[in-house]
Amino acid sequence: MFTLFNYKKFIQLTREGKINYEKLTLSKNTLIASSSEYSSDFAYLVIEGFVISSLVQNPTDVYTICSKGAFLNYYSLLDTVKQPFTFKTASKCVIYKYAMKDLEYILAMFPENYGFQFFIMKDLATHLYYKTLLNGYEGSDKIRISFSNLAKLHGIPYESDKVIIPKEIQTKTIIFYSGLSRSTSYKQLSLLKKSGGISKVNNQWIVHDQEVHDFCQKRLVLQWNE
């Protein structure tokens, strides 16, 4: 299947439209943007690396983890009064910084570009959907679902029925994503390992789940065809 609207095509569109951007190369644990820029002024497109998104009122918690192709701060179009999220790099990252007014111009002024709006919002909705599902589960299942969610978002098929999670997504990040206390999460982590749900290879987490494996396989096929 060929994907008509994706972040690579978006970059091509902005270059053809002579839309300026700033290329940022950021080291791990860098807070993206200054506090004065937490408004509707800019959006950030992740080109390489992983970025942790957290709610401003709970900066140590993890709302979600974004990777290449994700737009950060795009929610500002919905709420221009107060920025609800902070964004911190979980690895070395390359990010394109766009003025929001330029994005509004190229997406709103030309109807043929509406598909990019759908592409961007679909990605944001996917993260929200997974987080909503996680919040709906009983506490005893939250670590298992956290591994499943992050594997579906960023995992790579490993063997016939397993998925490997990138090393940049560390154990503490998964725990913060689950929303559980440290002691409770480590108890669930231990039980999940004993049951064969997860394991570790070369300091990377492996999720043992055929359904998740098949999901990631299909996701990668779509990406390869972009």
# chains A, B, ... in the order shown; residues from 1 in each chain; ligands from 1
>>> residues_around(residues="Asn135 (chain A)", least_positions_apart="4", cutoff="12 Å", atoms="only C-alpha atoms", output="list in words")
Tyr63, Leu128, Tyr129, Tyr130, Lys131, Gly139, Ser140, Asp141, Lys142, Ile143, Ile145, Ser146, Asn149, Tyr177, Ser178, Gly179 and Leu180 of chain A
>>> select_by_dssp(residues="region 53-193 of chain A", states="strand (DSSP E)", output="list in words")
Ser53, Ser54, Leu55, Thr64, Ile65, Cys66, Phe71, Leu72, Phe85, Thr86, Phe87, Lys88, Thr89, Cys93, Val94, Ile95, Tyr96, Lys97, Tyr98, Ala99, Ile156, Pro157, Tyr158, Lys162, Val163 and Ile164 of chain A
>>> closest_residue(among="A:Leu192, A:Ile32, A:Ile198, A:Ala90", to="Val51 (chain A)", atoms="only C-alpha atoms")
A:Ala90
>>> select_by_dssp(residues="region 85-214 of chain A", states="helix (DSSP H, G or I)", output="PyMOL selection string")
chain A and resi 100-108+111-136+139-154+171-178+182-194+210-214
>>> closest_residue(among="A:Ser195, A:Thr132, A:Thr14, A:Ser181", to="Leu107 (chain A)", atoms="only C-alpha atoms")
A:Thr14
>>> residues_around(residues="Thr60 (chain A)", least_positions_apart="6", cutoff="12 Å", atoms="only C-alpha atoms", output="PDB file with N, CA and C atoms, in the first residue's frame")
ATOM      1  N   ILE A  52       9.858  12.360  24.759  1.00  0.00           N
ATOM      2  CA  ILE A  52       8.873  12.070  25.796  1.00  0.00           C
ATOM      3  C   ILE A  52       7.954  13.267  25.963  1.00  0.00           C
ATOM      4  N   SER A  53       6.667  13.011  25.884  1.00  0.00           N
ATOM      5  CA  SER A  53       5.665  14.054  26.086  1.00  0.00           C
ATOM      6  C   SER A  53       5.029  13.863  27.456  1.00  0.00           C
ATOM      7  N   SER A  54       4.967  14.951  28.234  1.00  0.00           N
ATOM      8  CA  SER A  54       4.382  14.910  29.579  1.00  0.00           C
ATOM      9  C   SER A  54       3.439  16.083  29.762  1.00  0.00           C
ATOM     10  N   PHE A  85       1.461  20.556  27.378  1.00  0.00           N
ATOM     11  CA  PHE A  85       2.495  19.526  27.343  1.00  0.00           C
ATOM     12  C   PHE A  85       3.909  20.103  27.402  1.00  0.00           C
ATOM     13  N   THR A  86       4.817  19.283  27.920  1.00  0.00           N
ATOM     14  CA  THR A  86       6.251  19.539  27.781  1.00  0.00           C
ATOM     15  C   THR A  86       6.840  18.403  26.950  1.00  0.00           C
ATOM     16  N   PHE A  87       7.956  18.677  26.288  1.00  0.00           N
ATOM     17  CA  PHE A  87       8.576  17.694  25.403  1.00  0.00           C
ATOM     18  C   PHE A  87      10.066  17.611  25.716  1.00  0.00           C
ATOM     19  N   LYS A  88      10.525  16.403  26.037  1.00  0.00           N
ATOM     20  CA  LYS A  88      11.926  16.193  26.416  1.00  0.00           C
ATOM     21  C   LYS A  88      12.492  15.037  25.613  1.00  0.00           C
ATOM     22  N   LYS A 172      12.417   2.783  33.273  1.00  0.00           N
ATOM     23  CA  LYS A 172      11.800   3.857  34.059  1.00  0.00           C
ATOM     24  C   LYS A 172      10.789   4.649  33.232  1.00  0.00           C
ATOM     25  N   THR A 173      11.060   4.773  31.933  1.00  0.00           N
ATOM     26  CA  THR A 173      10.121   5.470  31.055  1.00  0.00           C
ATOM     27  C   THR A 173       8.814   4.695  30.934  1.00  0.00           C
ATOM     28  N   ILE A 174       8.919   3.380  30.796  1.00  0.00           N
ATOM     29  CA  ILE A 174       7.731   2.538  30.704  1.00  0.00           C
ATOM     30  C   ILE A 174       6.930   2.604  32.000  1.00  0.00           C
ATOM     31  N   ILE A 175       7.627   2.636  33.131  1.00  0.00           N
ATOM     32  CA  ILE A 175       6.965   2.740  34.437  1.00  0.00           C
ATOM     33  C   ILE A 175       6.225   4.065  34.556  1.00  0.00           C
ATOM     34  N   PHE A 176       6.883   5.151  34.169  1.00  0.00           N
ATOM     35  CA  PHE A 176       6.238   6.462  34.237  1.00  0.00           C
ATOM     36  C   PHE A 176       5.047   6.537  33.278  1.00  0.00           C
ATOM     37  N   TYR A 177       5.146   5.832  32.162  1.00  0.00           N
ATOM     38  CA  TYR A 177       4.039   5.794  31.209  1.00  0.00           C
ATOM     39  C   TYR A 177       2.839   5.061  31.808  1.00  0.00           C
ATOM     40  N   SER A 178       3.092   4.031  32.592  1.00  0.00           N
ATOM     41  CA  SER A 178       2.008   3.233  33.186  1.00  0.00           C
ATOM     42  C   SER A 178       1.190   4.010  34.203  1.00  0.00           C
ATOM     43  N   GLY A 179       1.815   4.998  34.839  1.00  0.00           N
ATOM     44  CA  GLY A 179       1.121   5.776  35.868  1.00  0.00           C
ATOM     45  C   GLY A 179       1.086   5.108  37.232  1.00  0.00           C
ATOM     46  N   SER A 181       2.815   3.430  40.797  1.00  0.00           N
ATOM     47  CA  SER A 181       3.909   3.742  41.714  1.00  0.00           C
ATOM     48  C   SER A 181       5.102   2.845  41.382  1.00  0.00           C
TER      49      SER A 181
END
>>> atom_distance(atom1="CA of Asp102 (chain A)", atom2="CA of Ile19 (chain A)")
6.7 Å
>>> residues_around(residues="Cys66 (chain A)", least_positions_apart="4", cutoff="9 Å", atoms="only C-alpha atoms", output="list in words")
Val46, Gly49, Phe50, Val51, Ile52, Ser53, Ala70, Phe71, Leu72, His127, Leu153 and His154 of chain A
